[in-house]
Amino acid sequence: MSNNIIVAIDGYSSCGKSTLAKALAKKLHFIYVDSGAMYRAVALYFLRNDVDMANHAQVEEALKNIHLNFHSRDYESHITLNDEEVSEEIRQMPVSEKVSAVAALKEVRREMVKQQQRMGKSKNIVMDGRDIGTAVFPTAPVKLFMTADPKVRAERRYKEIHTKEPDVTLEEVFENLAHRDYADTTRVESPLVRADDAIILDNTELTPEQQLQFALDKVEPLL
Ligand code: CDP
Ligand code: CDP
């Protein structure tokens, strides 16, 4: 048995999961894995190749042709899809609108979870997503479940994407987050749900520094 430490961070869309996971990994010298980026990269492939999500054979075939890799530069996570850097493109609205439907597919989840579990086999990692504490690493010693007021989340995300996608309105961002939260919490395969042993972190009124301190207080006693 390896005794590496896994910090599992789950929660709703755009509530600061990756900001916290990145900061925590940097502070503790852990590896950061953005599991959402993997689902987003798969969704981008599906969009570009017009994969029919209702056709299981097509989905399986697509998954065989998708090769994802992470490259970490100063704890900023960069992902490649078949050797192409797609970190920027996967954050844009067309992918945000497609990703939850793709992530609901059984075949897609099975493959992503397998790859994620492999990454956590022997190293200390912080992984954020929707099912990390429930399905990917159910025995993780630290699990955080993040939430924040939906309006605050939409404003934060809008601020982030506004310069890159000036045509997208705050209302569209709000709707997209609401839609994804609904899809993610109601899907059949590994829905977003708080693990019984996950600690709730509502960061509506917390700065990134304050949320980092909250998490450090949970992880540092284990080191
Ligand atoms: O950063 P944001 O909260 O907008 O989303 P993300 O973490 O990049 O995840 C994008 C989408 O991928 C989510 O809305 C889920 O549909 C899906 N996802 C998932 O199903 N399971 C995960 N472990 C991570 C993401
Ligand atoms: O990973 P997730 O989609 O849950 O959220 P994120 O990308 O980490 O955070 C979304 C936006 O909220 C980013 O622009 C963060 O800088 C911001 N944020 C914040 O303003 N205050 C916090 N306490 C956490 C995140």
# chains A, B, ... in the order shown; residues from 1 in each chain; ligands from 1
>>> residues_near_ligand(ligand="ligand 2", cutoff="6 Å", atoms="only C-alpha atoms and all ligand atoms", output="ChimeraX atom specification")
/A:13-19,156-157,160,203,206-208
>>> select_by_dssp(residues="stretch 8-213 of chain A", states="strand (DSSP E)", output="PyMOL selection string")
chain A and resi 8-11+31-34+68-73+76-81+84-85+125-129+142-147+199-202
>>> write_last_selection(atoms="N, CA and C atoms", output="CSV table (one decimal), in the first residue's frame")
chain,number,residue,atom,x,y,z
A,8,ALA,N,-9.1,15.6,-2.2
A,8,ALA,CA,-10.2,15.6,-3.2
A,8,ALA,C,-11.0,16.8,-3.0
A,9,ILE,N,-11.2,17.6,-4.1
A,9,ILE,CA,-12.0,18.9,-4.0
A,9,ILE,C,-13.1,18.8,-5.0
A,10,ASP,N,-14.3,18.7,-4.5
A,10,ASP,CA,-15.5,18.7,-5.4
A,10,ASP,C,-16.4,19.9,-5.2
A,11,GLY,N,-17.3,20.1,-6.1
A,11,GLY,CA,-18.2,21.2,-5.9
A,11,GLY,C,-18.9,21.7,-7.2
A,31,ILE,N,1.1,17.5,-6.6
A,31,ILE,CA,0.7,17.6,-8.0
A,31,ILE,C,-0.7,18.0,-8.1
A,32,TYR,N,-1.0,18.9,-9.0
A,32,TYR,CA,-2.4,19.4,-9.2
A,32,TYR,C,-3.0,18.7,-10.4
A,33,VAL,N,-4.1,18.2,-10.3
A,33,VAL,CA,-4.8,17.6,-11.4
A,33,VAL,C,-6.2,18.2,-11.6
A,34,ASP,N,-6.5,18.8,-12.7
A,34,ASP,CA,-7.8,19.5,-13.0
A,34,ASP,C,-8.6,18.5,-13.8
A,68,LEU,N,-4.8,12.3,-23.8
A,68,LEU,CA,-4.7,13.5,-23.0
A,68,LEU,C,-3.4,13.5,-22.2
A,69,ASN,N,-2.8,14.7,-22.1
A,69,ASN,CA,-1.6,14.8,-21.2
A,69,ASN,C,-1.6,16.1,-20.5
A,70,PHE,N,-1.2,16.1,-19.3
A,70,PHE,CA,-1.0,17.3,-18.5
A,70,PHE,C,0.4,17.7,-18.5
A,71,HIS,N,0.6,19.0,-18.6
A,71,HIS,CA,2.0,19.6,-18.4
A,71,HIS,C,1.8,20.7,-17.4
A,72,SER,N,2.5,20.6,-16.3
A,72,SER,CA,2.4,21.6,-15.3
A,72,SER,C,3.5,22.6,-15.4
A,73,ARG,N,3.2,23.9,-15.5
A,73,ARG,CA,4.2,24.9,-15.5
A,73,ARG,C,3.8,25.8,-14.3
A,76,GLU,N,0.4,25.9,-13.0
A,76,GLU,CA,-0.7,26.2,-13.9
A,76,GLU,C,-0.8,24.9,-14.7
A,77,SER,N,-2.1,24.4,-14.8
A,77,SER,CA,-2.2,23.1,-15.5
A,77,SER,C,-2.5,23.3,-16.9
A,78,HIS,N,-1.7,22.7,-17.8
A,78,HIS,CA,-1.9,22.8,-19.2
A,78,HIS,C,-2.2,21.4,-19.7
A,79,ILE,N,-3.2,21.3,-20.6
A,79,ILE,CA,-3.6,20.0,-21.1
A,79,ILE,C,-3.4,19.9,-22.6
A,80,THR,N,-3.0,18.8,-23.1
A,80,THR,CA,-2.9,18.6,-24.5
A,80,THR,C,-3.9,17.5,-25.0
A,81,LEU,N,-4.5,17.7,-26.1
A,81,LEU,CA,-5.4,16.7,-26.7
A,81,LEU,C,-4.7,16.3,-28.0
A,84,GLU,N,-1.9,18.5,-29.0
A,84,GLU,CA,-2.2,19.9,-29.3
A,84,GLU,C,-2.6,20.6,-27.9
A,85,GLU,N,-2.0,21.7,-27.7
A,85,GLU,CA,-2.3,22.5,-26.4
A,85,GLU,C,-3.7,23.1,-26.6
A,125,ILE,N,-1.3,14.2,-4.4
A,125,ILE,CA,-2.0,15.0,-5.4
A,125,ILE,C,-3.2,15.8,-4.8
A,126,VAL,N,-3.5,16.9,-5.5
A,126,VAL,CA,-4.7,17.6,-5.2
A,126,VAL,C,-5.5,17.5,-6.5
A,127,MET,N,-6.7,16.9,-6.5
A,127,MET,CA,-7.5,16.8,-7.7
A,127,MET,C,-8.9,17.4,-7.5
A,128,ASP,N,-9.3,18.2,-8.4
A,128,ASP,CA,-10.6,18.9,-8.3
A,128,ASP,C,-11.6,18.4,-9.4
A,129,GLY,N,-12.8,18.4,-9.0
A,129,GLY,CA,-13.8,17.9,-10.0
A,129,GLY,C,-15.2,17.8,-9.4
A,142,VAL,N,-8.5,13.7,2.8
A,142,VAL,CA,-9.1,15.0,3.0
A,142,VAL,C,-10.0,15.3,1.8
A,143,LYS,N,-11.3,15.6,2.1
A,143,LYS,CA,-12.3,15.9,1.0
A,143,LYS,C,-12.9,17.2,1.3
A,144,LEU,N,-12.9,18.1,0.3
A,144,LEU,CA,-13.6,19.3,0.5
A,144,LEU,C,-14.7,19.4,-0.5
A,145,PHE,N,-15.9,20.0,-0.1
A,145,PHE,CA,-17.0,20.2,-1.0
A,145,PHE,C,-17.3,21.7,-1.0
A,146,MET,N,-17.0,22.2,-2.2
A,146,MET,CA,-17.1,23.7,-2.3
A,146,MET,C,-18.4,24.2,-2.9
A,147,THR,N,-18.8,25.3,-2.4
A,147,THR,CA,-20.0,25.9,-2.9
A,147,THR,C,-19.9,27.5,-2.7
A,199,ILE,N,-15.9,17.9,3.9
A,199,ILE,CA,-16.1,19.2,4.6
A,199,ILE,C,-16.6,20.2,3.7
A,200,ILE,N,-17.7,20.9,4.1
A,200,ILE,CA,-18.2,21.9,3.2
A,200,ILE,C,-17.4,23.2,3.3
A,201,LEU,N,-17.1,23.8,2.2
A,201,LEU,CA,-16.4,25.1,2.2
A,201,LEU,C,-17.2,26.1,1.3
A,202,ASP,N,-17.9,27.0,1.9
A,202,ASP,CA,-18.7,28.0,1.2
A,202,ASP,C,-17.8,29.3,1.1
>>> closest_residue(among="A:Ala54, A:Ala135, A:Val168, A:Val86", to="A:Arg194", atoms="only C-alpha atoms")
A:Ala135
>>> atom_distance(atom1="atom CA of A:Arg180", atom2="atom 14 (O, counted along the ligand's line) of ligand 1")
5.0 Å
>>> residues_around(residues="A:Ala103", least_positions_apart="3", cutoff="9 Å", atoms="only C-alpha atoms", output="list in words")
Tyr39, Arg40, Val42, Ala43, Lys98, Val99, Ser100, Lys106, Val108, Arg109, Asp184 and Glu189 of chain A
>>> atom_distance(atom1="atom CA of A:Ser87", atom2="atom CA of A:Gly36")
11.2 Å
>>> select_by_dssp(residues="stretch 18-167 of chain A", states="helix (DSSP H, G or I)", output="ChimeraX atom specification")
/A:18-28,35-48,56-64,89-91,93-103,106-119,132-136,150-161
>>> residues_around(residues="A:Glu60", least_positions_apart="6", cutoff="10 Å", atoms="only C-alpha atoms", output="compact mmCIF listing (two decimals) with N, CA and C atoms, in the first residue's frame")
# COMPACT_ATOMS: atom_id res chain seq x y z
N MET A 53 -23.30 11.30 -29.67
CA MET A 53 -23.24 10.83 -28.28
C MET A 53 -24.21 9.69 -28.00
N GLU A 107 -19.30 5.58 -20.75
CA GLU A 107 -18.01 5.19 -21.33
C GLU A 107 -16.94 6.25 -21.06
N VAL A 108 -17.36 7.51 -21.17
CA VAL A 108 -16.42 8.61 -20.95
C VAL A 108 -15.96 8.61 -19.49
N GLU A 111 -13.45 5.79 -18.57
CA GLU A 111 -12.09 6.02 -19.06
C GLU A 111 -11.39 7.13 -18.27
>>> closest_residue(among="A:Asn49, A:Asn3, A:Thr134, A:Asn124", to="ligand 1", atoms="only C-alpha atoms and all ligand atoms")
A:Thr134
>>> residues_around(residues="A:Phe30", least_positions_apart="3", cutoff="12 Å", atoms="only C-alpha atoms", output="VMD selection string")
chain A and resid 4 to 7 21 to 27 33 72 74 to 75 120 122 to 127 219 223
>>> closest_residue(among="A:Glu88, A:Asp50, A:Glu172, A:Asp181", to="ligand 1", atoms="only C-alpha atoms and all ligand atoms")
A:Asp181
>>> atom_distance(atom1="atom 4 (O, counted along the ligand's line) of ligand 1", atom2="atom CA of A:Val102")
14.1 Å
>>> residues_around(residues="A:Leu192", least_positions_apart="3", cutoff="6 Å", atoms="only C-alpha atoms", output="ChimeraX atom specification")
/A:130-131,184-185
>>> closest_residue(among="A:Leu20, A:Val136, A:Leu28, A:Ala215", to="ligand 1", atoms="only C-alpha atoms and all ligand atoms")
A:Val136
